[in-house]
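Shown next, in structure tokens, is the structure this report addresses.
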Amino acid sequence: WCDGRKSIMLQLAASSILGLTVPHTPHAPPRCLAASRAASPVCVDDKSEVEEYFNNEGFNRWNRIYSEDGEVNAVQLDIRTGHGQTVDKILKWVDSDGRESLSDGTWCDAGCGVGSLAIPLAQRGATVVASDIAGAMASEAERRAADLGLSERASFSTSDLESLSGEYDTVSCIDVMIHYPPEKMAGMVGHLGGIAKERLILSFAPDTWYYRALKRFGELFPGPSKTTRAYLHTEEAVLKALSEAGFAPSRTEMTGTNFYFSRLIEAVRQ
């Protein structure tokens with residue numbers, strides 16, 4: 001418990017260092033926050049904040065984190081490692097299923113970032129339709145894919161999750177739910193389920209009692225640019241949302257480093 005508590009404390013502190021703010025009440029975060037005791041409430045638009053952040057300073061920061069040769073500090077290097085482990089676990093699932101099943105289907109990678117998952121999927125023969133809310137991220141992913149000669153296998157566009165349409169054999173959404181408050185998470189999962197014919201693959205930062213107990217510790221380490229909030233989700237709530245969307249879990253994984261924690265769930269249509 002002592003080692004685990006230390007790691008969680010570091011992660012919560014890192015959320016401030018990297019520009020993510022842990023909300024005060026994970027289960028019912030206020031959509032309107034008081035700027036001061038005497039001020040009127042200020043309403044929060046998470047989607048606009050995320051879009052603006054990842055098109056500006058957030059792009060520079062996370063592009064370095066998701067680049068093997070990008071200069072990063074120790075915290076960012078640890079997060080790069082953790083995110084890479086999550087992607088590797090998905091690719092191991094894909095490889096164990098056989099390349100034939102991958103090349104025969106279509107894959108939608110929602111919230112693709114700079115292509116950390118979409119590009120290796122295309123390298124394995126998948127037809128990938130990827131998107132990100134930030135045009136800067138999607139453009140960088142498109143550039144990286146083109147440099148590898150994968151433009152015919154992977155396409156990239158700018159879109160929020162709610163605007164995605166079409167029908168795909170597999171839909172993935174990796175490390176994006178941290179930007180969705182709990183009251184909007186089920187709707188997001190339901191929408192992604194509506195465009196997934198066979199399989200949904202999701203990852204999220206798990207909301208457990210020790211995260212909640214130590215949340216305030218992370219708030220003691222404010223960073224210079226706290227621009228987006230970080231939301232935790234209980235596994236029970238995510239599984240319920242998947243069930244309501246018509247999916248049941250088939251494989252799960254957990255990734256935990258000093259500064260990165262992510263629960264990974266593969267769910268298949270029932």
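Naming scheme: A, B, ... for chains in displayed order of the structure tokens; residues 1 onward per chain; ligands 1 onward as shown.
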Leu200 of chain A environment, 12 Å, only C-alpha atoms, sequence neighbours closer than 4 positions dropped, as a ChimeraX atom specification:
/A:90,107-110,168-174,189-196,238-239,241-243,245-252,264-270
Skipping near chain neighbours, those fewer than 4 positions away, what residues fall within 9 Å of Arg263 of chain A using only C-alpha atoms, listed as a PyMOL selection string?
chain A and resi 86+202-206+235+252-256
Among segment 178-216 of chain A, which ones does DSSP place in strand (DSSP E or B), written as a PyMOL selection string?
chain A and resi 196-204+206
Could you find all residues in segment 84-134 of chain A that DSSP calls helix (DSSP H, G or I) from the backbone, and write them as an MDAnalysis selection string?
chainID A and resid 84:97 99:103 118:123
Selected residues written out with C-alpha atoms, as an mmCIF file, in the first residue's frame:
data_model
loop_
_atom_site.group_PDB
_atom_site.id
_atom_site.type_symbol
_atom_site.label_atom_id
_atom_site.label_comp_id
_atom_site.auth_asym_id
_atom_site.auth_seq_id
_atom_site.Cartn_x
_atom_site.Cartn_y
_atom_site.Cartn_z
ATOM 1 C CA GLY A 84 3.126 3.053 -25.049
ATOM 2 C CA GLN A 85 2.418 0.029 -22.868
ATOM 3 C CA THR A 86 -1.332 0.523 -23.310
ATOM 4 C CA VAL A 87 -0.935 0.721 -27.089
ATOM 5 C CA ASP A 88 1.297 -2.372 -27.074
ATOM 6 C CA LYS A 89 -1.357 -4.341 -25.183
ATOM 7 C CA ILE A 90 -3.949 -3.513 -27.829
ATOM 8 C CA LEU A 91 -1.531 -4.520 -30.583
ATOM 9 C CA LYS A 92 -0.870 -7.823 -28.795
ATOM 10 C CA TRP A 93 -4.618 -8.487 -28.832
ATOM 11 C CA VAL A 94 -4.671 -7.682 -32.542
ATOM 12 C CA ASP A 95 -1.693 -9.924 -33.260
ATOM 13 C CA SER A 96 -3.180 -12.807 -31.276
ATOM 14 C CA ASP A 97 -6.381 -12.533 -33.325
ATOM 15 C CA ARG A 99 -3.592 -10.358 -39.264
ATOM 16 C CA GLU A 100 -6.329 -11.717 -41.549
ATOM 17 C CA SER A 101 -9.122 -10.528 -39.261
ATOM 18 C CA LEU A 102 -7.502 -7.103 -39.094
ATOM 19 C CA SER A 103 -7.042 -6.615 -42.833
ATOM 20 C CA ALA A 118 -3.646 4.231 -35.757
ATOM 21 C CA ILE A 119 -0.249 4.100 -37.450
ATOM 22 C CA PRO A 120 0.883 0.675 -36.162
ATOM 23 C CA LEU A 121 -2.590 -0.665 -36.988
ATOM 24 C CA ALA A 122 -2.174 0.543 -40.571
ATOM 25 C CA GLN A 123 1.297 -1.010 -40.658
#
